[in-house]
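**Q** Have a look at this one.
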Amino acid sequence: MLKKTVLSLVCAGALFASDTELEQLKKQMVQLQQQLSEMQKHIQTLETAPVITVTNDTSSDEEMLQKMATKSDGGAVTSLLPDIALILNGGYTSRNVSNTQYSSAVIPGFGTMEIQNNSKDGFNLNYAEVAMSSTVDPYFDANAIFHIHGNGTVEVEEAFFATRALDYGLRFKAGKFKSAFGRVNEKHHHAWNFEDQELINNALFGPDGLGGEGAQLQWVAPIPFYLMAGFELFNGNPNQGFSAKESASTAVSYVKTSTDIGNATVLAGLSYAQGKSVVQDMNGTDPIADSFTNYGQTRIYGADLTVEYPLGGYSSLIWQNEWMQRNKDDISMTDKQSGYYSELMVKIDENWATGIRYDDITKNSYYDENLGMAVNVDKLHRASIKLEYKPFEFSRFRLQYNQDQSKYIDNQEKIIHEVMLNYTLELGAHGAHAF
Amino acid sequence: MKKLLLPLLCSLPLFASVHVTAAYPYIGELVKAVAHDKVEVSILASASSDPHFVTPRPSYIGELRDCDLLILNGGGLEIGWIPPLLNQAHNPKIIQGAAGYLDLSTYVKMIDKPTSLSRAQGDVHAEGNPHYSMDPYNIAILAKVIMLKLSSMDPANKNAYHANYDEFAKHWNVKLVQWDKAMTPCRNAQVIQYHELFSYFLNRYGIHTAGTIEPLPGISPSSKHTIEIINQIRMDKISTIIQDDYHEPKTAQFIASKSGARAVVLAHDVGGENNTLDKLFDSMVGQTCKL
């Protein structure tokens with residue numbers, strides 16, 4: 001009996017004891033599991049966490065210095081080929097005058113204009129531009145830009161070299177190039193704000209602008225703000241309103257300055273060009289000088305002002321203006337012709353832009369050979385509006401409307417309405433444009 | 001007369017023997033950290049604009065005309081605005097290949113180098129993703145490169161540059177530990193970016209970029225691609241959309257409202273509220289890894 005009681009007590013005790021032990025064990029198990037999972041977590045973080053050292057910094061000071069000394073900075077020089085770009089421009093044009101009429105249109109006092117782009121009603125391939133540029137050696141850069149027109153003619157737009165490493169803020173350039181006279185003259189067609197040339201530029205210098213075979217020296221002043229002065233010499237070119245009599249008789253000089261006012265960038269310039277003009281060519285032999293040709297001077301004055309105001313993000317407002325006057329010695333008088341344009345453009349975002357432009361020839365007194373007298377035809381102006389869409393940095397579609405009251409057809413003033421839808425595509429390595 | 005001239009001359013910053021121009025604000029901050037007042041530094045681009053499309057203001061030409069050292073981010077980031085400025089500045093000291101032309105990208109490891117180059121892929125850089133300064137670990141390397149460059153150009157102040165760099169590196173290492181710790185919980189998370197601007201930062205902390213709002217680099221969002229992104233966010237339960245502060249925020253907000261993800265705007269350079277490198281990365285870390 002006692003045995004049984006003791007036994008049962010022991011058993012009960014044992015049972016009781018095992019119960020508490022079990023619970024303890026269970027607790028320990030849970031604790032262990034917790035510890036284990038914590039350790040696992042820890043291992044995981046250790047495995048994936050970055051090593052606290054500057055991991056990319058494998059090179060020593062000496063190696064870095066050596067890298068600097070080798071002057072290899074500038075990234076990957078993958079080939080010695082020049083940068084080559086192809087720029088395509090074309091579109092669809094619609095006018096209220098026939099192609100023949102349009103090609104015979106004149107701006108009174110400035111003669112017949114040569115039309116390079118969008119000359120036909122209907123489709124036009126204006127040009128395929130091939131641009132190549134490269135650093136020649138430590139001393140020179142060189143550029144060449146060719147226009148292959150839709151009709152198959154090839155034109156050397158520019159081909160020049162420029163110095164890289166002159167001291168005293170100087171740069172020398174020679175070859176065939178566009179003059180930096182004024183604001184837009186130097187820019188290529190695909191960088192223009194509108195599809196066609198500004199009226200006063202077209203009237204004075206023709207479609208290619210002022211420039212040609214010549215030389216240029218530019219100087220940037222060693223002062224805390226931007227001040228640049230330049231001097232250029234070109235062969236006289238009759239297409240640009242000068243006489244070709246003397247080989248290098250057209251001289252251009254200009255000064256440009258810029259400052260930032262708050263967020264706005266202001267760029268202003270003054271320009272001057274001087275060359276020979278044919279006063280009277282009795283034999284019609286210019287450029288061969290003979291005793292029957294009288295020469296005079298052509299002087300052109302220019303002033304320009306551009307303001308760009310950023311509106312945040314990709315949006316900005318650009319206001320660009322340019323004025324020019326030409327005083328050209330003519331038979332028994334000096335022709336005085338001046339005009340201006342004013343453009344207001346809005347970049348809406350990365351893709352969209354719009355703008356308006358007003359061109360005006362404000363003074364136009366000249367000697368009319370047919371009438372044999374001085375005349376004054378100064379109510380010549382043009383209004384334009386554009387809308388641009390850029391799907392990407394290198395493609396652009398532009399719709400533009402012009403109401404052109406600057407042309408005479410068959411000696412009659414004719415208001416020309418024109419609508420142009422153009423594409424411009426840039427392929428390959430094309431250098432960025434200046435401001 | 002001499003007595004009059006002397007104080008005038010002394011007031012000029014004659015002690016600043018090196019004039020440095022930094023393409024972006026963060027580079028300017030690094031120069032200041034390493035050089036303190038030993039150099040004169042001017043900064044071209046602002047933090048609020050797209051670093052790819054900076055307006056090449058003619059006033060920058062005035063800065064470049066007389067500087068001794070031009071420090072670039074490189075990797076093709078400045079291709080749209082620095083070359084025409086350099087061309088107009090006529091300063092042989094800072095042209096490519098000269099001692100005063102420092103391209104920082106050559107000292108760091110670039111990611112996302114394309115295996116084939118075609119603009120059908122959008123605005124891809126042959127050199128790889130140029131936004132390497134978004135990795136705080138790269139910042140320390142860049143500081144060192146600048147320290148070595150300044151030391152070689154201005155040996156008289158070599159000791160000062162070294163001491164300043166050591167101080168900066170010490171401080172930066174403390175910050176790196178802090179940021180590592182703060183970013184640990186977000187490891188293996190997935191995010192959507194607008195442009196692959198923060199890839200180096202995200203890669204550093206093990207965060208995966210599941211997609212971009214722009215269909216291809218440099219291409220504006222399309223409705224088709226936006227819907228794809230919304231579906232992707234819903235399916236993969238992506239919680240965060242990272243947006244820069246210069247692209248339009250509407251698309252990211254639209255995607256956020258349709259998908260339930262959180263859209264955050266991150267600064268990418270020093271400026272405004274984030275007027276130091278510490279604050280810039282503090283805000284990047286704080287905004288990205290919110291739990």
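Starting from 1 in every chain, residues are counted up; chains themselves are A, B, ... following the order of the structure tokens, and ligands are numbered from 1 as listed.
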Counting only C-alpha atoms, give me one row per residue of chain B with an atom at most 8 Å from an atom of chain A, showing the shortest contact pair and its distance in Å to one decimal, sorted by chain then residue number, as a tab-separated table.

**A**
residue	atom	partner	partner_atom	distance
B:Ser48	CA	A:Gly313	CA	7.7
B:Ser49	CA	A:Gly313	CA	6.4
B:Asp50	CA	A:Gly313	CA	7.5
B:Thr55	CA	A:Phe435	CA	7.1
B:Pro56	CA	A:Phe435	CA	5.5
B:Arg57	CA	A:Phe435	CA	6.1
B:Pro58	CA	A:Ser258	CA	6.0
B:Ser59	CA	A:Tyr226	CA	5.4
B:Tyr60	CA	A:Tyr226	CA	7.7
B:Ile61	CA	A:Tyr226	CA	6.1
B:Gly62	CA	A:Tyr226	CA	4.3
B:Glu63	CA	A:Pro224	CA	6.6
B:Arg65	CA	A:Pro222	CA	6.7
B:Asp66	CA	A:Pro222	CA	6.5
B:Gly74	CA	A:Gly74	CA	7.2
B:Gly75	CA	A:Gly75	CA	6.8
B:Ile79	CA	A:Ala432	CA	7.0
B:Gly80	CA	A:Ala432	CA	5.0
B:Trp81	CA	A:Ala432	CA	6.3
B:Pro83	CA	A:Ala432	CA	7.0
B:Pro84	CA	A:Ala434	CA	5.2
B:Leu85	CA	A:Ala434	CA	7.0
B:Ala89	CA	A:Val220	CA	6.8
B:His90	CA	A:Gly169	CA	5.0
B:Asn91	CA	A:Gly169	CA	6.1
B:Pro92	CA	A:Ala165	CA	4.5
B:Ile95	CA	A:Arg164	CA	7.8
B:Gln96	CA	A:Gly74	CA	6.2
B:Gly97	CA	A:Lys71	CA	5.3
B:Ala98	CA	A:Lys71	CA	6.7
B:Ala99	CA	A:Lys71	CA	6.8
B:Tyr101	CA	A:Asp73	CA	7.2
B:Leu102	CA	A:Asp73	CA	6.3
B:Asp103	CA	A:Asp73	CA	5.6
B:Ser105	CA	A:Gly75	CA	7.5
B:Thr106	CA	A:Gly75	CA	6.2
B:Tyr107	CA	A:Met64	CA	7.7
B:Val108	CA	A:Asn56	CA	6.7
B:Lys109	CA	A:Asn56	CA	6.8
B:Glu127	CA	A:Ala76	CA	7.2
B:Tyr137	CA	A:Val54	CA	5.9
B:Asn138	CA	A:Asn56	CA	7.3
B:Ala140	CA	A:Val54	CA	7.5
B:Ile141	CA	A:Asp57	CA	6.2
B:Val145	CA	A:Met64	CA	7.1
B:Leu148	CA	A:Leu65	CA	6.8
B:Lys149	CA	A:Leu65	CA	7.6
B:Leu176	CA	A:Ile52	CA	7.8
B:Val177	CA	A:Ile52	CA	7.2
B:Asp180	CA	A:Pro50	CA	7.8
B:Thr184	CA	A:Ala49	CA	7.3
B:Arg204	CA	A:Pro50	CA	7.6
B:Tyr205	CA	A:Pro50	CA	7.6
B:Gly218	CA	A:Phe392	CA	7.1
B:Ile219	CA	A:Phe392	CA	6.2
B:Ser220	CA	A:Glu350	CA	7.8
B:Tyr246	CA	A:Gly313	CA	4.9
B:His247	CA	A:Gly313	CA	6.4
B:Glu248	CA	A:Gly313	CA	7.5

**Q** Check region 20-191 of chain B with DSSP on the backbone and list each residue it calls strand (DSSP E or B), as a short mmCIF file (atom, residue, chain, number, x, y, z; two decimals) with N, CA and C atoms, in the first residue's frame.

**A**
data_model
loop_
_atom_site.label_atom_id
_atom_site.label_comp_id
_atom_site.auth_asym_id
_atom_site.auth_seq_id
_atom_site.Cartn_x
_atom_site.Cartn_y
_atom_site.Cartn_z
N VAL B 20 39.37 78.02 -59.84
CA VAL B 20 38.75 76.78 -60.27
C VAL B 20 37.32 77.05 -60.74
N THR B 21 36.93 76.43 -61.86
CA THR B 21 35.54 76.47 -62.28
C THR B 21 34.98 75.06 -62.23
N ALA B 22 33.85 74.91 -61.52
CA ALA B 22 33.21 73.60 -61.38
C ALA B 22 31.96 73.59 -62.25
N VAL B 39 41.61 78.50 -52.76
CA VAL B 39 41.34 78.73 -54.18
C VAL B 39 40.05 79.54 -54.32
N GLU B 40 39.91 80.13 -55.50
CA GLU B 40 38.68 80.84 -55.82
C GLU B 40 37.87 79.87 -56.69
N VAL B 41 36.63 79.61 -56.32
CA VAL B 41 35.85 78.64 -57.09
C VAL B 41 34.55 79.25 -57.60
N SER B 42 34.27 79.03 -58.88
CA SER B 42 32.97 79.43 -59.41
C SER B 42 32.25 78.21 -59.97
N ILE B 43 30.95 78.23 -59.84
CA ILE B 43 30.12 77.08 -60.22
C ILE B 43 29.24 77.50 -61.39
N LEU B 69 41.68 75.90 -63.73
CA LEU B 69 41.28 74.50 -63.63
C LEU B 69 39.78 74.40 -63.84
N LEU B 70 39.38 73.59 -64.81
CA LEU B 70 37.97 73.32 -65.05
C LEU B 70 37.70 71.88 -64.62
N ILE B 71 36.78 71.68 -63.69
CA ILE B 71 36.49 70.32 -63.23
C ILE B 71 35.11 69.93 -63.73
N LEU B 72 35.10 68.82 -64.49
CA LEU B 72 33.87 68.34 -65.11
C LEU B 72 33.40 67.05 -64.47
N TYR B 101 42.27 70.67 -67.26
CA TYR B 101 41.01 70.04 -67.66
C TYR B 101 40.89 68.74 -66.89
N LEU B 102 40.02 68.72 -65.89
CA LEU B 102 39.90 67.53 -65.04
C LEU B 102 38.52 66.90 -65.22
N ASP B 103 38.52 65.71 -65.80
CA ASP B 103 37.28 64.96 -66.02
C ASP B 103 37.19 63.91 -64.91
N GLN B 190 12.16 47.39 -54.38
CA GLN B 190 12.09 47.73 -55.80
C GLN B 190 11.51 49.13 -55.94
N VAL B 191 12.05 49.92 -56.85
CA VAL B 191 11.52 51.25 -57.08
C VAL B 191 11.38 51.51 -58.59
#

**Q** Can you tell me, as an NGL selection string, what residues are no more than 12 Å from Ser338 (chain A) when counting only C-alpha atoms, ignoring any on the same chain fewer than 5 positions away?

**A** :A and (109-110 or 199-201 or 203-204 or 299-303 or 322-328 or 359-366 or 376-381)

**Q** Can you pull out the residues contacting region 255-258 of chain B? Cut-off 12 Å, using only C-alpha atoms, and skip same-chain residues under 2 positions away; I want them as a ChimeraX atom specification.

**A** /B:191-194,212-213,221,223,225-234,238-243,249-253,260-264

**Q** Export, as a PDB file, in the first residue's frame, the selected residues with C-alpha atoms.

**A**
ATOM      1  CA  VAL B 191      11.518  51.252 -57.083  1.00  0.00           C
ATOM      2  CA  ILE B 192      10.508  53.046 -60.269  1.00  0.00           C
ATOM      3  CA  GLN B 193      12.667  56.005 -61.387  1.00  0.00           C
ATOM      4  CA  TYR B 194      11.784  58.766 -63.843  1.00  0.00           C
ATOM      5  CA  THR B 212      11.595  54.064 -65.553  1.00  0.00           C
ATOM      6  CA  ILE B 213       8.758  56.494 -66.248  1.00  0.00           C
ATOM      7  CA  PRO B 221       6.532  59.500 -70.996  1.00  0.00           C
ATOM      8  CA  SER B 223       0.448  56.842 -72.105  1.00  0.00           C
ATOM      9  CA  HIS B 225       4.308  53.031 -71.168  1.00  0.00           C
ATOM     10  CA  THR B 226       2.682  54.771 -68.181  1.00  0.00           C
ATOM     11  CA  ILE B 227      -0.059  52.124 -68.078  1.00  0.00           C
ATOM     12  CA  GLU B 228       2.563  49.391 -68.273  1.00  0.00           C
ATOM     13  CA  ILE B 229       4.346  50.940 -65.291  1.00  0.00           C
ATOM     14  CA  ILE B 230       1.087  51.160 -63.289  1.00  0.00           C
ATOM     15  CA  ASN B 231       0.404  47.475 -63.976  1.00  0.00           C
ATOM     16  CA  GLN B 232       3.953  46.552 -63.071  1.00  0.00           C
ATOM     17  CA  ILE B 233       3.725  48.438 -59.755  1.00  0.00           C
ATOM     18  CA  ARG B 234       0.456  46.674 -58.901  1.00  0.00           C
ATOM     19  CA  ILE B 238       6.458  48.264 -55.791  1.00  0.00           C
ATOM     20  CA  SER B 239       6.074  50.922 -53.115  1.00  0.00           C
ATOM     21  CA  THR B 240       8.175  53.878 -54.282  1.00  0.00           C
ATOM     22  CA  ILE B 241       8.484  56.092 -57.371  1.00  0.00           C
ATOM     23  CA  ILE B 242      11.567  58.299 -57.434  1.00  0.00           C
ATOM     24  CA  GLN B 243      11.316  61.536 -59.348  1.00  0.00           C
ATOM     25  CA  PRO B 249       5.936  65.661 -61.724  1.00  0.00           C
ATOM     26  CA  LYS B 250       2.436  64.985 -63.127  1.00  0.00           C
ATOM     27  CA  THR B 251       3.142  61.555 -64.606  1.00  0.00           C
ATOM     28  CA  ALA B 252       4.685  60.271 -61.369  1.00  0.00           C
ATOM     29  CA  GLN B 253       1.745  61.661 -59.377  1.00  0.00           C
ATOM     30  CA  GLY B 260      -0.967  53.308 -54.557  1.00  0.00           C
ATOM     31  CA  ALA B 261       2.803  53.699 -54.691  1.00  0.00           C
ATOM     32  CA  ARG B 262       4.463  56.676 -53.023  1.00  0.00           C
ATOM     33  CA  ALA B 263       6.038  59.318 -55.299  1.00  0.00           C
ATOM     34  CA  VAL B 264       9.049  61.119 -53.857  1.00  0.00           C
TER      35      VAL B 264
END

**Q** Given the choices B:Glu214, B:Ile207, B:Ala169, B:Ala23, which gets closest to Cys186 (chain B) if the distance is worked out from only C-alpha atoms?

**A** B:Ile207

**Q** Which parts of region 31-106 of chain B does DSSP call alpha helix (DSSP H) when run on the backbone here, written out as a PyMOL selection string?

**A** chain B and resi 31-35+58-65+82-89

**Q** With C-alpha atoms retained, export the selected residues as a PDB file, in the first residue's frame.

**A**
ATOM      1  CA  VAL B  31      36.598  71.927 -54.036  1.00  0.00           C
ATOM      2  CA  LYS B  32      35.539  74.062 -51.069  1.00  0.00           C
ATOM      3  CA  ALA B  33      35.876  71.066 -48.730  1.00  0.00           C
ATOM      4  CA  VAL B  34      39.400  70.350 -49.924  1.00  0.00           C
ATOM      5  CA  ALA B  35      40.662  73.897 -50.492  1.00  0.00           C
ATOM      6  CA  PRO B  58      27.690  83.570 -72.496  1.00  0.00           C
ATOM      7  CA  SER B  59      28.422  84.755 -68.946  1.00  0.00           C
ATOM      8  CA  TYR B  60      29.989  81.323 -68.367  1.00  0.00           C
ATOM      9  CA  ILE B  61      32.528  82.189 -71.065  1.00  0.00           C
ATOM     10  CA  GLY B  62      33.695  85.059 -68.840  1.00  0.00           C
ATOM     11  CA  GLU B  63      34.234  82.551 -66.001  1.00  0.00           C
ATOM     12  CA  LEU B  64      36.127  80.122 -68.216  1.00  0.00           C
ATOM     13  CA  ARG B  65      38.271  82.786 -69.864  1.00  0.00           C
ATOM     14  CA  ILE B  82      30.470  72.742 -72.199  1.00  0.00           C
ATOM     15  CA  PRO B  83      32.101  72.214 -75.658  1.00  0.00           C
ATOM     16  CA  PRO B  84      30.670  75.417 -77.238  1.00  0.00           C
ATOM     17  CA  LEU B  85      31.646  77.380 -74.115  1.00  0.00           C
ATOM     18  CA  LEU B  86      35.213  76.027 -74.155  1.00  0.00           C
ATOM     19  CA  ASN B  87      35.381  76.823 -77.847  1.00  0.00           C
ATOM     20  CA  GLN B  88      34.459  80.448 -77.156  1.00  0.00           C
ATOM     21  CA  ALA B  89      36.535  80.930 -74.003  1.00  0.00           C
TER      22      ALA B  89
END

**Q** Applying 8 Å and only C-alpha atoms, which residues near Ile145 (chain A) remain after dropping the ones on its own chain fewer than 6 positions away? List them as a ChimeraX atom specification.

**A** /A:129-132,156-159
